[in-house]
Amino acid sequence: MLNPQLSKDGKLAHLLTLEGLPKSILTEILDIAAPFTEVGEREVKKLPLLRGKSVFNVFFENSTRTRTTFEIAAKRLSADVINLNVSTSSTSKGETLLDTVDNLCAMGADMFVMRHASSGAPYLLAQHLRATGRDHISVVNAGDGRHAHPTQGLLDMYTIRHYKKDFTNLTVAVVGDVLHSRVARSEIAALTTLGVPEVRVIGPKTLLPTDVERMGVRVFHDMREGLKGVDVVMMLRLQNERMQGALLPSSQEYFKVWGLTPEKLALAKPDAIVMHPGPMNRGVEIDSAVADGGNAVILPQVTFGIAVRMAVMSMLAGH
Amino acid sequence: MPIPDAEQLIAALTDQIRPHVTADTAMVGIHTGGVWLAKRLHAALGLSKPLGVMDVAFYRDDYGKKGLHPSPRKSEIPFDVAGAPIILVDDVLYTGRTTRAALNELFDYGRPARVDLAVLVDRGGRELPIAARFVAHTLETPIAPTDSLQLEEAADGALTLRLIHA
């Protein structure tokens, strides 16, 4: 089957999801991201790669961190960045997604960075561009519904590789609200592709997808059991805004059972790293003592995220 | 065409540069061959400032045509570029485009006092107004544009020049 993210010669044309992306491309993105990390330390924090290109950040759903880091990444590559908060503009007047996009193409867009509450929206956009002969415009998925958040998954892989060097001897636990989490899906796909031998998913039954084992993970409904001996703990945010119905008694109750406390973290390896995609709910899924503790690499994740997004954008724009 | 001996050229290049070295002189090698050469020159000249290395992949002018070069490496300039006299080192000078990219990158770190270019071999074929101040060897007969002349490093650190036919 033709991978919609790859061009005919097998290069990255869009970044829509990490599922089905070959290991060689994942590794290439991580390798290219490494030299970009150094740009933040220069007097002139800019590279000329995307000079003269227009990057449209089209966010149909709110975001601060992701939109900002995409904006910084594009600006460090010298692109012109246009931020559209579409949730407050045309669509609320009745315009369709593709009409909005066509208008932005008419304004000279070279790249779309898109977040949408509906799973598959960036894929629809990429298909539309291909069908209308605009292959030179690329799409980066910045999070679609419950489906995927590929750049978050990539920056998490970059962070793991930075601290642990090798994926093939790791035990990694993904903890919390997997059901509503596009981050978890992207993380699990990437971890599996990169050869992590044991990926664990830890959470209450109500917050795990029913067929979660099919993603190649070991499932734990007991956090203490699941954290034993792990090298990496990837916490997920409890997605209150995506929840409908009573999946949980209360956030206090959740913290008691599923919150990452120093006492629970002590079950992992002593040099385990703790990650979180943000924004953190302190006292809900993570204890402040852990979030601010020596094992946490949550802020480096944010910094690496800029380099990873620069790598993705420069791979997409250079063809 | 006989390929000159790289080790002899390195010795000659070192002698050429030595009279112009001051206490402030800094050196930057361009990946990959230029870094190997710069390491040798830097040690032989006993420069006090640590050696800088640059990969100009992010500054190349063929990005729009060819895309990003595979596996770019980190540029690291461990001294203050502002006000420093810098010797930029590459193995082979050809079109001048790599030097152009390196100059652009260098200036993003600060404003150097001066920049000189040192190369092992000048193979001609310039497409930009760029000249090297220190040249160990100039090819008398140009080699085919599709051929590439490059430095290779052996396991023991010895450097050799090799002509690669496309």
# chains A, B, ... in the order shown; residues from 1 in each chain; ligands from 1

$ interface_residues --of "chain B" --to "chain A" --cutoff "8 Å" --atoms "only C-alpha atoms" --output "list of chain:residue names"
B:Phe58, B:Tyr59, B:Tyr63, B:Gly64, B:Lys65, B:Lys66, B:Gly67, B:Leu68, B:Pro70, B:Ser71, B:Pro72, B:Arg73, B:Lys74, B:Ser75, B:Glu76, B:Asp108, B:Tyr109, B:Gly110

$ write_last_selection --atoms "C-alpha atoms" --output "PDB file, in the first residue's frame"
ATOM      1  CA  PHE B  58      22.152  23.878   6.904  1.00  0.00           C
ATOM      2  CA  TYR B  59      23.734  26.654   4.823  1.00  0.00           C
ATOM      3  CA  TYR B  63      19.024  22.686  -0.348  1.00  0.00           C
ATOM      4  CA  GLY B  64      16.097  23.907  -2.463  1.00  0.00           C
ATOM      5  CA  LYS B  65      17.165  21.566  -5.256  1.00  0.00           C
ATOM      6  CA  LYS B  66      18.570  18.552  -3.481  1.00  0.00           C
ATOM      7  CA  GLY B  67      17.023  18.754  -0.032  1.00  0.00           C
ATOM      8  CA  LEU B  68      18.841  18.346   3.233  1.00  0.00           C
ATOM      9  CA  PRO B  70      21.910  13.216   4.961  1.00  0.00           C
ATOM     10  CA  SER B  71      23.330  12.890   8.469  1.00  0.00           C
ATOM     11  CA  PRO B  72      24.432  16.438   9.218  1.00  0.00           C
ATOM     12  CA  ARG B  73      26.676  16.798  12.259  1.00  0.00           C
ATOM     13  CA  LYS B  74      26.754  19.333  15.034  1.00  0.00           C
ATOM     14  CA  SER B  75      28.692  22.525  14.491  1.00  0.00           C
ATOM     15  CA  GLU B  76      30.702  23.420  17.564  1.00  0.00           C
ATOM     16  CA  ASP B 108      25.975  33.705  12.775  1.00  0.00           C
ATOM     17  CA  TYR B 109      28.284  33.138  15.744  1.00  0.00           C
ATOM     18  CA  GLY B 110      29.653  36.669  15.725  1.00  0.00           C
TER      19      GLY B 110
END

$ residues_around --residues "range 126-139 of chain A" --least-positions-apart "4" --cutoff "12 Å" --atoms "only C-alpha atoms" --output "number ranges by chain"
A: 3-8, 12-17, 53-58, 97-99, 101-102, 104-106, 108-115, 120-122, 143, 150, 312-319; B: 64

$ select_by_dssp --residues "range 66-216 of chain A" --states "alpha helix (DSSP H)" --output "JSON, numbers by chain"
{"A": [66, 67, 68, 69, 70, 71, 72, 73, 74, 75, 76, 97, 98, 99, 100, 101, 102, 103, 104, 105, 106, 121, 122, 123, 124, 125, 126, 127, 128, 129, 130, 131, 150, 151, 152, 153, 154, 155, 156, 157, 158, 159, 160, 161, 162, 163, 164, 182, 183, 184, 185, 186, 187, 188, 189, 190, 191, 192, 193]}

$ write_last_selection --atoms "C-alpha atoms" --output "short mmCIF file (atom, residue, chain, number, x, y, z; two decimals), in the first residue's frame"
data_model
loop_
_atom_site.label_atom_id
_atom_site.label_comp_id
_atom_site.auth_asym_id
_atom_site.auth_seq_id
_atom_site.Cartn_x
_atom_site.Cartn_y
_atom_site.Cartn_z
CA THR A 66 2.91 22.83 20.63
CA ARG A 67 1.98 25.88 18.59
CA THR A 68 4.74 27.94 20.18
CA THR A 69 7.44 25.34 19.64
CA PHE A 70 6.35 24.89 16.01
CA GLU A 71 6.49 28.65 15.62
CA ILE A 72 9.97 28.88 17.14
CA ALA A 73 11.17 25.95 15.02
CA ALA A 74 9.89 27.56 11.81
CA LYS A 75 11.31 30.96 12.75
CA ARG A 76 14.73 29.49 13.57
CA LEU A 97 -11.87 22.83 6.29
CA LEU A 98 -10.81 22.40 2.68
CA ASP A 99 -12.14 25.82 1.68
CA THR A 100 -10.09 27.35 4.48
CA VAL A 101 -7.03 25.47 3.25
CA ASP A 102 -7.58 26.46 -0.39
CA ASN A 103 -7.72 30.08 0.66
CA LEU A 104 -4.46 29.75 2.57
CA CYS A 105 -2.86 28.07 -0.45
CA ALA A 106 -3.98 31.04 -2.51
CA ALA A 121 -8.17 15.80 9.39
CA PRO A 122 -4.47 16.28 8.41
CA TYR A 123 -4.70 13.13 6.26
CA LEU A 124 -7.73 14.61 4.49
CA LEU A 125 -5.74 17.77 3.88
CA ALA A 126 -2.73 15.87 2.48
CA GLN A 127 -4.98 13.86 0.18
CA HIS A 128 -6.69 17.02 -0.99
CA LEU A 129 -3.34 18.64 -1.82
CA ARG A 130 -2.21 15.56 -3.72
CA ALA A 131 -5.49 15.25 -5.61
CA PRO A 150 3.74 12.47 15.66
CA THR A 151 6.12 15.31 16.58
CA GLN A 152 5.44 14.70 20.28
CA GLY A 153 6.18 11.02 19.75
CA LEU A 154 9.40 11.92 17.95
CA LEU A 155 10.60 14.36 20.58
CA ASP A 156 9.92 11.71 23.20
CA MET A 157 12.05 9.26 21.21
CA TYR A 158 14.76 11.90 20.91
CA THR A 159 14.66 12.41 24.68
CA ILE A 160 14.88 8.68 25.38
CA ARG A 161 17.77 8.26 22.97
CA HIS A 162 19.53 11.27 24.49
CA TYR A 163 19.45 9.79 27.99
CA LYS A 164 19.46 6.06 27.31
CA ARG A 182 -3.02 10.64 20.71
CA VAL A 183 0.39 11.09 22.34
CA ALA A 184 0.28 7.53 23.69
CA ARG A 185 -0.56 6.10 20.27
CA SER A 186 2.34 7.90 18.63
CA GLU A 187 4.71 6.94 21.45
CA ILE A 188 3.78 3.27 21.36
CA ALA A 189 4.10 3.12 17.56
CA ALA A 190 7.55 4.71 17.64
CA LEU A 191 8.83 2.65 20.58
CA THR A 192 7.81 -0.55 18.86
CA THR A 193 9.31 0.45 15.52
#

$ residues_around --residues "Ile130 in chain B" --least-positions-apart "3" --cutoff "9 Å" --atoms "only C-alpha atoms" --output "list in words"
Thr95, Gly96, Arg97, Thr99, Arg100, Arg126 and Glu127 of chain B

$ write_last_selection --atoms "C-alpha atoms" --output "mmCIF file, in the first residue's frame"
data_model
loop_
_atom_site.group_PDB
_atom_site.id
_atom_site.type_symbol
_atom_site.label_atom_id
_atom_site.label_comp_id
_atom_site.auth_asym_id
_atom_site.auth_seq_id
_atom_site.Cartn_x
_atom_site.Cartn_y
_atom_site.Cartn_z
ATOM 1 C CA THR B 95 33.543 25.844 -6.648
ATOM 2 C CA GLY B 96 33.805 27.963 -3.496
ATOM 3 C CA ARG B 97 30.213 27.210 -2.510
ATOM 4 C CA THR B 99 33.377 28.232 1.695
ATOM 5 C CA ARG B 100 30.509 30.654 1.066
ATOM 6 C CA ARG B 126 35.617 28.391 -8.944
ATOM 7 C CA GLU B 127 32.013 29.594 -9.329
#

$ residues_around --residues "His147 in chain A" --least-positions-apart "2" --cutoff "6 Å" --atoms "only C-alpha atoms" --output "MDAnalysis selection string"
chainID A and resid 119 144:145 182

$ decode --residues "range 17-61 of chain A" --atoms "N, CA and C atoms" --output "compact mmCIF listing (two decimals), in the first residue's frame"
# COMPACT_ATOMS: atom_id res chain seq x y z
N THR A 17 1.47 10.61 10.86
CA THR A 17 1.43 9.67 11.99
C THR A 17 2.73 8.90 12.02
N LEU A 18 3.08 8.34 13.19
CA LEU A 18 4.29 7.52 13.27
C LEU A 18 3.98 6.06 12.96
N GLU A 19 2.71 5.71 12.95
CA GLU A 19 2.33 4.34 12.63
C GLU A 19 2.64 4.08 11.16
N GLY A 20 3.36 3.01 10.90
CA GLY A 20 3.67 2.65 9.52
C GLY A 20 4.86 3.39 8.94
N LEU A 21 5.46 4.27 9.73
CA LEU A 21 6.65 4.96 9.24
C LEU A 21 7.86 4.05 9.48
N PRO A 22 8.67 3.81 8.45
CA PRO A 22 9.77 2.86 8.63
C PRO A 22 10.80 3.36 9.64
N LYS A 23 11.48 2.40 10.25
CA LYS A 23 12.50 2.71 11.24
C LYS A 23 13.58 3.64 10.67
N SER A 24 13.91 3.42 9.39
CA SER A 24 14.97 4.23 8.79
C SER A 24 14.60 5.72 8.80
N ILE A 25 13.33 6.01 8.56
CA ILE A 25 12.92 7.43 8.55
C ILE A 25 12.86 7.99 9.96
N LEU A 26 12.36 7.19 10.91
CA LEU A 26 12.35 7.66 12.30
C LEU A 26 13.77 8.00 12.75
N THR A 27 14.70 7.10 12.46
CA THR A 27 16.09 7.31 12.86
C THR A 27 16.68 8.52 12.14
N GLU A 28 16.34 8.67 10.88
CA GLU A 28 16.85 9.81 10.11
C GLU A 28 16.40 11.13 10.75
N ILE A 29 15.12 11.19 11.15
CA ILE A 29 14.61 12.42 11.78
C ILE A 29 15.38 12.70 13.06
N LEU A 30 15.59 11.67 13.89
CA LEU A 30 16.30 11.87 15.15
C LEU A 30 17.75 12.30 14.89
N ASP A 31 18.38 11.70 13.87
CA ASP A 31 19.77 12.06 13.54
C ASP A 31 19.87 13.51 13.08
N ILE A 32 18.91 13.91 12.26
CA ILE A 32 18.95 15.28 11.73
C ILE A 32 18.65 16.28 12.84
N ALA A 33 17.82 15.89 13.80
CA ALA A 33 17.46 16.81 14.89
C ALA A 33 18.67 17.16 15.75
N ALA A 34 19.60 16.21 15.90
CA ALA A 34 20.73 16.42 16.83
C ALA A 34 21.50 17.72 16.56
N PRO A 35 21.97 17.98 15.34
CA PRO A 35 22.71 19.23 15.14
C PRO A 35 21.86 20.49 15.31
N PHE A 36 20.55 20.36 15.19
CA PHE A 36 19.70 21.54 15.38
C PHE A 36 19.66 21.99 16.85
N THR A 37 19.97 21.07 17.77
CA THR A 37 19.90 21.45 19.19
C THR A 37 20.91 22.54 19.52
N GLU A 38 21.96 22.63 18.71
CA GLU A 38 23.05 23.56 19.02
C GLU A 38 22.71 24.99 18.60
N VAL A 39 21.73 25.15 17.69
CA VAL A 39 21.42 26.48 17.15
C VAL A 39 20.95 27.43 18.25
N GLY A 40 20.28 26.88 19.27
CA GLY A 40 19.79 27.71 20.37
C GLY A 40 20.89 28.39 21.16
N GLU A 41 22.15 27.93 20.96
CA GLU A 41 23.24 28.51 21.74
C GLU A 41 24.04 29.56 20.97
N ARG A 42 23.65 29.84 19.71
CA ARG A 42 24.40 30.80 18.91
C ARG A 42 23.93 32.22 19.17
N GLU A 43 24.78 33.16 18.72
CA GLU A 43 24.36 34.56 18.80
C GLU A 43 23.16 34.79 17.88
N VAL A 44 23.26 34.32 16.65
CA VAL A 44 22.12 34.40 15.73
C VAL A 44 21.45 33.03 15.70
N LYS A 45 20.29 32.93 16.35
CA LYS A 45 19.62 31.63 16.47
C LYS A 45 18.76 31.38 15.24
N LYS A 46 19.40 31.37 14.08
CA LYS A 46 18.64 31.20 12.85
C LYS A 46 19.47 30.47 11.82
N LEU A 47 18.78 29.63 11.05
CA LEU A 47 19.39 28.96 9.91
C LEU A 47 18.60 29.35 8.68
N PRO A 48 19.24 29.38 7.50
CA PRO A 48 18.55 29.93 6.33
C PRO A 48 17.69 28.94 5.55
N LEU A 49 17.49 27.71 6.05
CA LEU A 49 16.90 26.67 5.22
C LEU A 49 15.51 27.01 4.67
N LEU A 50 14.64 27.60 5.48
CA LEU A 50 13.27 27.86 5.02
C LEU A 50 13.04 29.33 4.67
N ARG A 51 14.13 30.00 4.32
CA ARG A 51 14.02 31.41 3.96
C ARG A 51 13.08 31.56 2.76
N GLY A 52 12.13 32.45 2.88
CA GLY A 52 11.21 32.67 1.78
C GLY A 52 10.03 31.71 1.74
N LYS A 53 9.97 30.78 2.69
CA LYS A 53 8.82 29.85 2.74
C LYS A 53 7.81 30.35 3.78
N SER A 54 6.56 30.07 3.51
CA SER A 54 5.51 30.46 4.45
C SER A 54 4.93 29.23 5.12
N VAL A 55 5.01 29.22 6.43
CA VAL A 55 4.46 28.12 7.22
C VAL A 55 3.20 28.61 7.91
N PHE A 56 2.11 27.92 7.66
CA PHE A 56 0.85 28.30 8.29
C PHE A 56 0.56 27.34 9.44
N ASN A 57 0.51 27.90 10.63
CA ASN A 57 0.08 27.11 11.79
C ASN A 57 -1.43 27.21 11.89
N VAL A 58 -2.10 26.13 11.54
CA VAL A 58 -3.56 26.17 11.52
C VAL A 58 -4.07 25.31 12.67
N PHE A 59 -4.50 25.95 13.70
CA PHE A 59 -4.92 25.23 14.90
C PHE A 59 -6.42 25.33 15.10
N PHE A 60 -7.09 24.20 14.84
CA PHE A 60 -8.54 24.16 15.03
C PHE A 60 -8.87 23.80 16.47
N GLU A 61 -7.83 23.62 17.27
CA GLU A 61 -8.00 23.25 18.66
C GLU A 61 -6.92 24.00 19.43
